[in-house]
>>> print(open('run35.cif').read())   # mmCIF, C-alpha atoms
data_structure
loop_
_atom_site.group_PDB
_atom_site.id
_atom_site.type_symbol
_atom_site.label_atom_id
_atom_site.label_comp_id
_atom_site.auth_asym_id
_atom_site.auth_seq_id
_atom_site.Cartn_x
_atom_site.Cartn_y
_atom_site.Cartn_z
ATOM 1 C CA MET A 255 90.204 94.895 105.987
ATOM 2 C CA HIS A 256 89.230 94.129 102.384
ATOM 3 C CA ASP A 257 91.835 93.447 99.717
ATOM 4 C CA GLY A 258 90.674 96.486 97.767
ATOM 5 C CA PRO A 259 87.724 98.694 96.901
ATOM 6 C CA ARG A 260 84.734 97.625 94.879
ATOM 7 C CA LYS A 261 85.613 97.780 91.192
ATOM 8 C CA MET A 262 83.687 100.043 88.853
ATOM 9 C CA ALA A 263 84.856 97.972 85.897
ATOM 10 C CA SER A 264 83.400 94.815 87.445
ATOM 11 C CA HIS A 265 79.853 96.068 86.926
ATOM 12 C CA GLU A 266 78.304 95.102 83.597
ATOM 13 C CA CYS A 267 77.080 98.681 83.067
ATOM 14 C CA PHE A 268 80.631 99.989 82.794
ATOM 15 C CA SER A 269 83.503 99.152 80.485
ATOM 16 C CA VAL A 270 85.810 102.000 81.568
ATOM 17 C CA PRO A 271 89.112 100.909 83.200
ATOM 18 C CA ASP A 272 88.934 101.394 86.952
ATOM 19 C CA PRO A 273 91.765 103.346 88.690
ATOM 20 C CA CYS A 274 90.806 102.132 92.167
ATOM 21 C CA SER A 275 93.448 99.384 92.285
ATOM 22 C CA TRP A 276 96.419 101.746 92.146
ATOM 23 C CA LEU A 277 94.728 104.480 94.198
ATOM 24 C CA TRP A 278 94.043 101.883 96.877
ATOM 25 C CA ALA A 279 97.650 100.689 96.770
ATOM 26 C CA ALA A 280 99.026 104.234 96.951
ATOM 27 C CA ALA A 281 96.823 105.457 99.808
ATOM 28 C CA PRO A 282 97.951 105.371 103.455
ATOM 29 C CA LEU A 283 96.282 102.637 105.490
ATOM 30 C CA ASN A 284 94.169 105.031 107.556
ATOM 31 C CA VAL A 285 92.413 106.575 104.518
ATOM 32 C CA LYS A 286 91.707 103.363 102.584
ATOM 33 C CA PRO A 287 88.195 102.971 104.081
ATOM 34 C CA GLU A 288 87.201 106.444 102.890
ATOM 35 C CA ILE A 289 88.525 105.793 99.381
ATOM 36 C CA GLU A 290 86.658 102.488 99.310
ATOM 37 C CA ALA A 291 83.467 104.219 100.435
ATOM 38 C CA TRP A 292 83.737 106.794 97.649
ATOM 39 C CA ALA A 293 84.515 104.146 95.023
ATOM 40 C CA SER A 294 81.366 102.207 95.955
ATOM 41 C CA TRP A 295 79.136 105.256 96.349
ATOM 42 C CA ILE A 296 80.022 106.812 92.971
ATOM 43 C CA VAL A 297 79.169 103.555 91.187
ATOM 44 C CA ASP A 298 75.820 103.410 93.002
ATOM 45 C CA LEU A 299 75.115 107.076 92.216
ATOM 46 C CA LEU A 300 75.784 106.607 88.494
ATOM 47 C CA LEU A 301 73.373 103.665 88.434
ATOM 48 C CA VAL A 302 70.427 105.560 89.959
ATOM 49 C CA ASP A 303 67.803 106.148 87.269
ATOM 50 C CA ASP A 304 65.310 108.982 86.798
ATOM 51 C CA VAL A 305 62.384 106.799 87.815
ATOM 52 C CA SER A 306 63.651 106.213 91.351
ATOM 53 C CA TRP A 307 65.134 109.707 91.685
ATOM 54 C CA ASN A 308 63.767 112.444 89.445
ATOM 55 C CA GLN A 309 65.278 115.817 88.550
ATOM 56 C CA ARG A 310 63.382 117.725 91.237
ATOM 57 C CA GLN A 311 64.420 115.262 93.937
ATOM 58 C CA ARG A 312 68.039 115.437 92.813
ATOM 59 C CA ALA A 313 68.114 119.225 93.086
ATOM 60 C CA ALA A 314 66.439 119.085 96.523
ATOM 61 C CA ALA A 315 68.972 116.510 97.729
ATOM 62 C CA CYS A 316 71.878 118.702 96.683
ATOM 63 C CA GLU A 317 70.447 121.726 98.503
ATOM 64 C CA ALA A 318 69.684 119.698 101.627
ATOM 65 C CA PHE A 319 73.157 118.165 101.713
ATOM 66 C CA LEU A 320 74.830 121.577 101.477
ATOM 67 C CA ALA A 321 72.586 122.862 104.262
ATOM 68 C CA GLY A 322 73.421 119.903 106.485
ATOM 69 C CA SER A 323 69.813 118.670 106.436
ATOM 70 C CA PRO A 324 68.597 115.060 106.018
ATOM 71 C CA VAL A 325 69.080 113.921 102.426
ATOM 72 C CA HIS A 326 67.021 111.504 100.344
ATOM 73 C CA ILE A 327 69.234 109.716 97.832
ATOM 74 C CA PRO A 328 68.453 106.133 96.723
ATOM 75 C CA CYS A 329 72.115 105.120 97.138
ATOM 76 C CA GLY A 330 72.526 107.069 100.383
ATOM 77 C CA PRO A 331 74.351 110.356 101.083
ATOM 78 C CA PRO A 332 78.001 110.921 100.095
ATOM 79 C CA PRO A 333 80.552 109.272 102.413
ATOM 80 C CA VAL A 334 81.342 111.143 105.604
ATOM 81 C CA GLY A 335 85.033 111.807 106.119
ATOM 82 C CA SER A 336 87.792 114.252 105.336
ATOM 83 C CA ILE A 337 86.327 115.604 102.084
ATOM 84 C CA THR A 338 84.673 119.000 102.561
ATOM 85 C CA ARG A 339 80.909 119.181 102.150
ATOM 86 C CA GLU A 340 81.279 121.664 99.280
ATOM 87 C CA ALA A 341 83.554 119.320 97.305
ATOM 88 C CA ALA A 342 81.434 116.250 98.055
ATOM 89 C CA ALA A 343 78.314 118.102 96.878
ATOM 90 C CA GLY A 344 79.829 118.397 93.403
ATOM 91 C CA TRP A 345 78.667 114.877 92.546
ATOM 92 C CA LEU A 346 75.132 115.667 93.712
ATOM 93 C CA TYR A 347 75.052 118.918 91.798
ATOM 94 C CA MET A 348 76.225 117.190 88.612
ATOM 95 C CA ALA A 349 73.598 114.477 89.146
ATOM 96 C CA SER A 350 70.922 117.166 89.453
ATOM 97 C CA LEU A 351 71.667 118.544 85.994
ATOM 98 C CA PRO A 352 70.108 117.211 82.779
ATOM 99 C CA VAL A 353 72.329 114.433 81.421
ATOM 100 C CA ALA A 354 73.630 116.525 78.522
ATOM 101 C CA ASP A 355 74.624 119.338 80.903
ATOM 102 C CA GLY A 356 76.073 117.030 83.544
ATOM 103 C CA PHE A 357 78.432 115.540 80.978
ATOM 104 C CA LYS A 358 79.751 118.871 79.789
ATOM 105 C CA GLU A 359 83.423 119.377 80.508
ATOM 106 C CA THR A 360 82.709 122.737 82.122
ATOM 107 C CA SER A 361 80.517 120.895 84.621
ATOM 108 C CA TRP A 362 83.334 118.452 85.421
ATOM 109 C CA GLU A 363 85.789 121.280 85.941
ATOM 110 C CA VAL A 364 83.487 123.106 88.352
ATOM 111 C CA HIS A 365 81.929 120.213 90.260
ATOM 112 C CA ILE A 366 84.232 117.170 90.071
ATOM 113 C CA LEU A 367 87.818 118.445 89.926
ATOM 114 C CA PRO A 368 87.673 120.071 93.400
ATOM 115 C CA TRP A 369 86.511 116.749 94.870
ATOM 116 C CA ALA A 370 89.229 114.831 93.010
ATOM 117 C CA ARG A 371 91.946 117.184 94.240
ATOM 118 C CA GLU A 372 90.814 116.795 97.846
ATOM 119 C CA LEU A 373 90.662 113.009 97.527
ATOM 120 C CA ALA A 374 94.126 112.948 95.933
ATOM 121 C CA SER A 375 95.509 115.068 98.765
ATOM 122 C CA LEU A 376 93.931 112.678 101.251
ATOM 123 C CA ALA A 377 95.705 109.805 99.474
ATOM 124 C CA GLY A 378 99.056 111.563 99.806
ATOM 125 C CA PHE A 379 99.263 113.554 96.567
ATOM 126 C CA LYS A 380 99.449 116.979 98.169
ATOM 127 C CA GLY A 381 100.384 120.275 96.564
ATOM 128 C CA THR A 382 98.816 122.431 93.866
ATOM 129 C CA TRP A 383 101.581 121.526 91.435
ATOM 130 C CA ARG A 384 100.030 118.028 91.238
ATOM 131 C CA HIS A 385 96.608 119.356 90.248
ATOM 132 C CA PRO A 386 97.242 119.158 86.470
ATOM 133 C CA HIS A 387 98.054 115.444 86.795
ATOM 134 C CA ILE A 388 95.037 114.758 89.016
ATOM 135 C CA ASP A 389 92.828 116.750 86.640
ATOM 136 C CA ALA A 390 94.145 114.721 83.692
ATOM 137 C CA ILE A 391 93.147 111.460 85.407
ATOM 138 C CA VAL A 392 89.617 112.744 86.015
ATOM 139 C CA MET A 393 89.196 114.147 82.516
ATOM 140 C CA ALA A 394 90.438 110.944 80.864
ATOM 141 C CA MET A 395 88.047 108.864 83.001
ATOM 142 C CA LEU A 396 85.045 111.098 82.329
ATOM 143 C CA LEU A 397 85.724 111.304 78.589
ATOM 144 C CA MET A 398 85.789 107.497 78.483
ATOM 145 C CA THR A 399 82.597 107.386 80.554
ATOM 146 C CA ARG A 400 80.930 109.788 78.111
ATOM 147 C CA LEU A 401 81.866 107.584 75.164
ATOM 148 C CA ASP A 402 80.809 104.498 77.106
ATOM 149 C CA GLY A 403 77.376 106.077 77.629
ATOM 150 C CA LEU A 404 76.580 106.433 73.941
ATOM 151 C CA ARG A 405 74.836 103.073 73.770
ATOM 152 C CA LYS A 406 72.611 104.119 76.683
ATOM 153 C CA GLY A 407 71.092 107.033 74.817
ATOM 154 C CA GLY A 408 73.928 109.503 74.552
ATOM 155 C CA THR A 409 75.622 111.733 77.092
ATOM 156 C CA SER A 410 76.221 114.879 75.076
ATOM 157 C CA ARG A 411 74.210 117.106 72.762
ATOM 158 C CA SER A 412 76.937 116.914 70.114
ATOM 159 C CA TYR A 413 76.666 113.114 70.129
ATOM 160 C CA ALA A 414 72.874 113.188 70.129
ATOM 161 C CA THR A 415 72.756 115.460 67.094
ATOM 162 C CA ALA A 416 75.410 113.547 65.158
ATOM 163 C CA ARG A 417 73.324 111.385 62.814
ATOM 164 C CA ASP A 418 75.704 110.868 59.935
ATOM 165 C CA GLY A 419 78.096 107.920 60.287
ATOM 166 C CA LYS A 420 81.077 109.944 59.120
ATOM 167 C CA GLU A 421 80.333 112.679 61.627
ATOM 168 C CA ARG A 422 79.956 110.175 64.466
ATOM 169 C CA LYS A 423 83.222 108.487 63.583
ATOM 170 C CA LYS A 424 84.989 111.843 63.607
ATOM 171 C CA LEU A 425 83.568 112.672 67.038
ATOM 172 C CA VAL A 426 84.814 109.382 68.479
ATOM 173 C CA TRP A 427 88.243 109.844 66.889
ATOM 174 C CA ARG A 428 88.555 113.333 68.359
ATOM 175 C CA GLU A 429 87.594 112.159 71.845
ATOM 176 C CA CYS A 430 90.054 109.264 71.712
ATOM 177 C CA ILE A 431 92.878 111.619 70.747
ATOM 178 C CA ARG A 432 92.017 113.789 73.741
ATOM 179 C CA ILE A 433 91.884 110.777 76.070
ATOM 180 C CA ARG A 434 95.391 109.775 74.993
ATOM 181 C CA GLN A 435 96.631 113.331 75.528
ATOM 182 C CA TYR A 436 95.251 113.336 79.060
ATOM 183 C CA LEU A 437 96.882 109.963 79.685
ATOM 184 C CA ALA A 438 100.208 111.471 78.637
ATOM 185 C CA ASP A 439 99.599 114.361 81.040
ATOM 186 C CA VAL A 440 99.094 111.873 83.892
ATOM 187 C CA LEU A 441 102.554 110.313 83.642
ATOM 188 C CA PRO A 442 104.481 112.755 85.875
ATOM 189 C CA ILE A 443 102.514 111.418 88.849
ATOM 190 C CA THR A 444 104.377 108.104 88.556
ATOM 191 C CA LYS A 445 107.408 109.732 90.194
ATOM 192 C CA ASP A 446 105.404 110.052 93.413
ATOM 193 C CA LEU A 447 103.849 106.588 93.457
ATOM 194 C CA PRO A 448 104.999 104.133 96.134
ATOM 195 C CA ARG A 449 106.466 100.940 94.734
ATOM 196 C CA ARG A 450 103.375 98.896 95.639
ATOM 197 C CA ALA A 451 101.205 101.130 93.430
ATOM 198 C CA ARG A 452 103.398 101.242 90.325
ATOM 199 C CA GLY A 453 102.364 97.874 88.904
ATOM 200 C CA PRO A 454 98.607 98.511 89.277
ATOM 201 C CA PHE A 455 99.079 102.012 87.833
ATOM 202 C CA LYS A 456 100.862 100.690 84.748
ATOM 203 C CA GLU A 457 98.146 98.126 84.158
ATOM 204 C CA TRP A 458 95.427 100.786 84.464
ATOM 205 C CA TRP A 459 97.291 103.266 82.239
ATOM 206 C CA PHE A 460 97.943 100.812 79.415
ATOM 207 C CA THR A 461 94.394 99.452 79.718
ATOM 208 C CA CYS A 462 93.073 103.000 79.237
ATOM 209 C CA LEU A 463 95.334 103.409 76.229
ATOM 210 C CA GLU A 464 94.072 100.149 74.750
ATOM 211 C CA TRP A 465 90.478 101.144 75.550
ATOM 212 C CA SER A 466 90.876 104.364 73.558
ATOM 213 C CA ARG A 467 92.329 102.466 70.601
ATOM 214 C CA LEU A 468 89.478 99.949 70.652
ATOM 215 C CA ALA A 469 86.941 102.778 70.912
ATOM 216 C CA GLU A 470 88.496 104.559 67.940
ATOM 217 C CA ALA A 471 88.416 101.330 65.927
ATOM 218 C CA LYS A 472 84.734 100.784 66.781
ATOM 219 C CA GLY A 473 83.741 104.274 65.735
ATOM 220 C CA THR A 474 79.994 104.380 65.092
ATOM 221 C CA ALA A 475 79.571 100.923 66.680
ATOM 222 C CA LEU A 476 79.979 102.589 70.107
ATOM 223 C CA TRP A 477 76.332 103.657 69.803
ATOM 224 C CA ASP A 478 75.359 99.978 69.901
ATOM 225 C CA GLU A 479 77.913 97.998 71.907
ATOM 226 C CA PRO A 480 80.435 98.430 74.747
ATOM 227 C CA ILE A 481 84.210 98.193 74.622
ATOM 228 C CA LEU A 482 85.411 94.721 75.577
ATOM 229 C CA ILE A 483 89.021 94.231 76.642
ATOM 230 C CA THR A 484 89.638 90.813 75.103
ATOM 231 C CA ARG A 485 92.233 88.272 76.162
ATOM 232 C CA GLY A 486 94.362 89.265 73.184
ATOM 233 C CA ALA A 487 94.135 92.924 74.205
ATOM 234 C CA ARG A 488 95.198 92.069 77.748
ATOM 235 C CA ILE A 489 98.223 90.215 76.408
ATOM 236 C CA ARG A 490 99.143 93.373 74.492
ATOM 237 C CA ILE A 491 98.733 95.412 77.659
ATOM 238 C CA VAL A 492 101.129 93.152 79.577
ATOM 239 C CA TRP A 493 103.634 93.266 76.715
ATOM 240 C CA GLN A 494 103.427 97.059 76.505
ATOM 241 C CA ARG A 495 103.817 97.375 80.260
ATOM 242 C CA TRP A 496 107.166 95.608 80.238
ATOM 243 C CA PHE A 497 108.578 95.987 76.728
ATOM 244 C CA GLY A 498 106.705 98.729 74.846
ATOM 245 C CA LYS A 499 108.321 101.955 73.745
ATOM 246 C CA LEU A 500 106.128 103.864 76.210
ATOM 247 C CA ALA A 501 107.054 101.606 79.126
ATOM 248 C CA PHE A 502 108.031 103.608 82.185
ATOM 249 C CA LYS A 503 109.566 102.779 85.541
#
>>> encode(input="run35.cif", output="structure tokens")
Amino acid sequence: MHDGPRKMASHECFSVPDPCSWLWAAAPLNVKPEIEAWASWIVDLLLVDDVSWNQRQRAAACEAFLAGSPVHIPCGPPPVGSITREAAAGWLYMASLPVADGFKETSWEVHILPWARELASLAGFKGTWRHPHIDAIVMAMLLMTRLDGLRKGGTSRSYATARDGKERKKLVWRECIRIRQYLADVLPITKDLPRRARGPFKEWWFTCLEWSRLAEAKGTALWDEPILITRGARIRIVWQRWFGKLAFK
């Protein structure tokens, strides 16, 4: 058994804080392999480019997967396990859309949230009353991913059409405010976390908060460079975790 799942944040293409450490710690032992498989597969899927897998092939793969037919995907088919085929296909459907459409929030709500809710239930977070907290985690992560993608050519029509520096800065500021609101909406889930997962969760949560602050400070520079969590920033995260006003048990 591995110590934990492959880290999204460890790949140089991503700067978004990875929630896998606390999800791994919270999950029952028997479902850890499936969570690890999804963590690795999603990273590989996001790294597949249009040259090795074009739009037509993506759409065909989604249809074939839903039909239970053999699927051609450079990173392999979605993990087989407890997640329903319909929910698992959400990632393939989103990947089949043009980038600007795939990164629309309406697309996330339709195609990714059902998968996230099933995975959360598998990890022990059962009940529809937890859905708002699970949804908040997903939305915060995807909003950060959308901002993180700006330097790779943009992930939204509104970002692509924003040419003026003042307009770009305003867009980043607005997204960072929303990220922090979603992070606040996540907090009720801490009441259900096992003790072993609380420390990793706090580190992830405060890292996300710091990430949003750094992104807001960068503003228009996000189009050219990634967010780097510096040593000084990590010291602030540790301090906030134990002594900050927003520290939680």
>>> residues_around(input="run35.cif", residues="stretch 370-387 of chain A", least_positions_apart="5", cutoff="10 Å", atoms="only C-alpha atoms", output="mmCIF file with C-alpha atoms, in the coordinates of the input")
data_model
loop_
_atom_site.group_PDB
_atom_site.id
_atom_site.type_symbol
_atom_site.label_atom_id
_atom_site.label_comp_id
_atom_site.auth_asym_id
_atom_site.auth_seq_id
_atom_site.Cartn_x
_atom_site.Cartn_y
_atom_site.Cartn_z
ATOM 1 C CA LEU A 277 94.728 104.480 94.198
ATOM 2 C CA TRP A 278 94.043 101.883 96.877
ATOM 3 C CA ALA A 279 97.650 100.689 96.770
ATOM 4 C CA ALA A 280 99.026 104.234 96.951
ATOM 5 C CA ALA A 281 96.823 105.457 99.808
ATOM 6 C CA PRO A 282 97.951 105.371 103.455
ATOM 7 C CA LEU A 283 96.282 102.637 105.490
ATOM 8 C CA ASN A 284 94.169 105.031 107.556
ATOM 9 C CA VAL A 285 92.413 106.575 104.518
ATOM 10 C CA LYS A 286 91.707 103.363 102.584
ATOM 11 C CA GLU A 288 87.201 106.444 102.890
ATOM 12 C CA ILE A 289 88.525 105.793 99.381
ATOM 13 C CA TRP A 292 83.737 106.794 97.649
ATOM 14 C CA SER A 336 87.792 114.252 105.336
ATOM 15 C CA ILE A 337 86.327 115.604 102.084
ATOM 16 C CA THR A 338 84.673 119.000 102.561
ATOM 17 C CA ALA A 341 83.554 119.320 97.305
ATOM 18 C CA ALA A 342 81.434 116.250 98.055
ATOM 19 C CA HIS A 365 81.929 120.213 90.260
ATOM 20 C CA VAL A 392 89.617 112.744 86.015
ATOM 21 C CA MET A 393 89.196 114.147 82.516
ATOM 22 C CA TYR A 436 95.251 113.336 79.060
ATOM 23 C CA LEU A 437 96.882 109.963 79.685
ATOM 24 C CA ALA A 438 100.208 111.471 78.637
ATOM 25 C CA ASP A 439 99.599 114.361 81.040
ATOM 26 C CA VAL A 440 99.094 111.873 83.892
ATOM 27 C CA LEU A 441 102.554 110.313 83.642
ATOM 28 C CA PRO A 442 104.481 112.755 85.875
ATOM 29 C CA ILE A 443 102.514 111.418 88.849
ATOM 30 C CA THR A 444 104.377 108.104 88.556
ATOM 31 C CA ASP A 446 105.404 110.052 93.413
ATOM 32 C CA LEU A 447 103.849 106.588 93.457
#
>>> residues_around(input="run35.cif", residues="stretch 483-492 of chain A", least_positions_apart="3", cutoff="12 Å", atoms="only C-alpha atoms", output="ChimeraX atom specification")
/A:263,268-271,453-454,456-469,480,495-498,500-501
>>> residues_around(input="run35.cif", residues="A:Gln311", least_positions_apart="4", cutoff="8 Å", atoms="only C-alpha atoms", output="ChimeraX atom specification")
/A:307,315,326
>>> atom_distance(input="run35.cif", atom1="atom CA of A:Cys316", atom2="atom CA of A:Asp355")
16.0 Å
>>> closest_residue(input="run35.cif", among="A:Met398, A:Val334, A:Met348, A:Ala318", to="A:Leu299", atoms="all atoms listed in the file")
A:Met348
>>> axis_aligned_box(input="run35.cif", around="stretch 391-405 of chain A", padding_each_side="6 Å", output="JSON")
{"center_x": 84.0, "center_y": 108.6, "center_z": 79.9, "size_x": 30.3, "size_y": 23.1, "size_z": 24.2}
>>> closest_residue(input="run35.cif", among="A:Ala349, A:Met395, A:Trp369, A:Pro331", to="A:Glu429", atoms="all atoms listed in the file")
A:Met395
>>> closest_residue(input="run35.cif", among="A:Pro287, A:Ala321, A:Ile388, A:Ala475", to="A:Arg405", atoms="all atoms listed in the file")
A:Ala475
>>> resolve_selection(input="run35.cif", expression="the PyMOL selection byres ((chain A and resi 422-424) around 9)", output="list of chain:residue names")
A:Tyr413, A:Ala416, A:Arg417, A:Asp418, A:Gly419, A:Lys420, A:Glu421, A:Leu425, A:Val426, A:Trp427, A:Arg428, A:Glu429, A:Glu470, A:Lys472, A:Gly473, A:Thr474, A:Ala475
>>> atom_distance(input="run35.cif", atom1="atom CA of A:Pro273", atom2="atom CA of A:Arg339")
23.4 Å
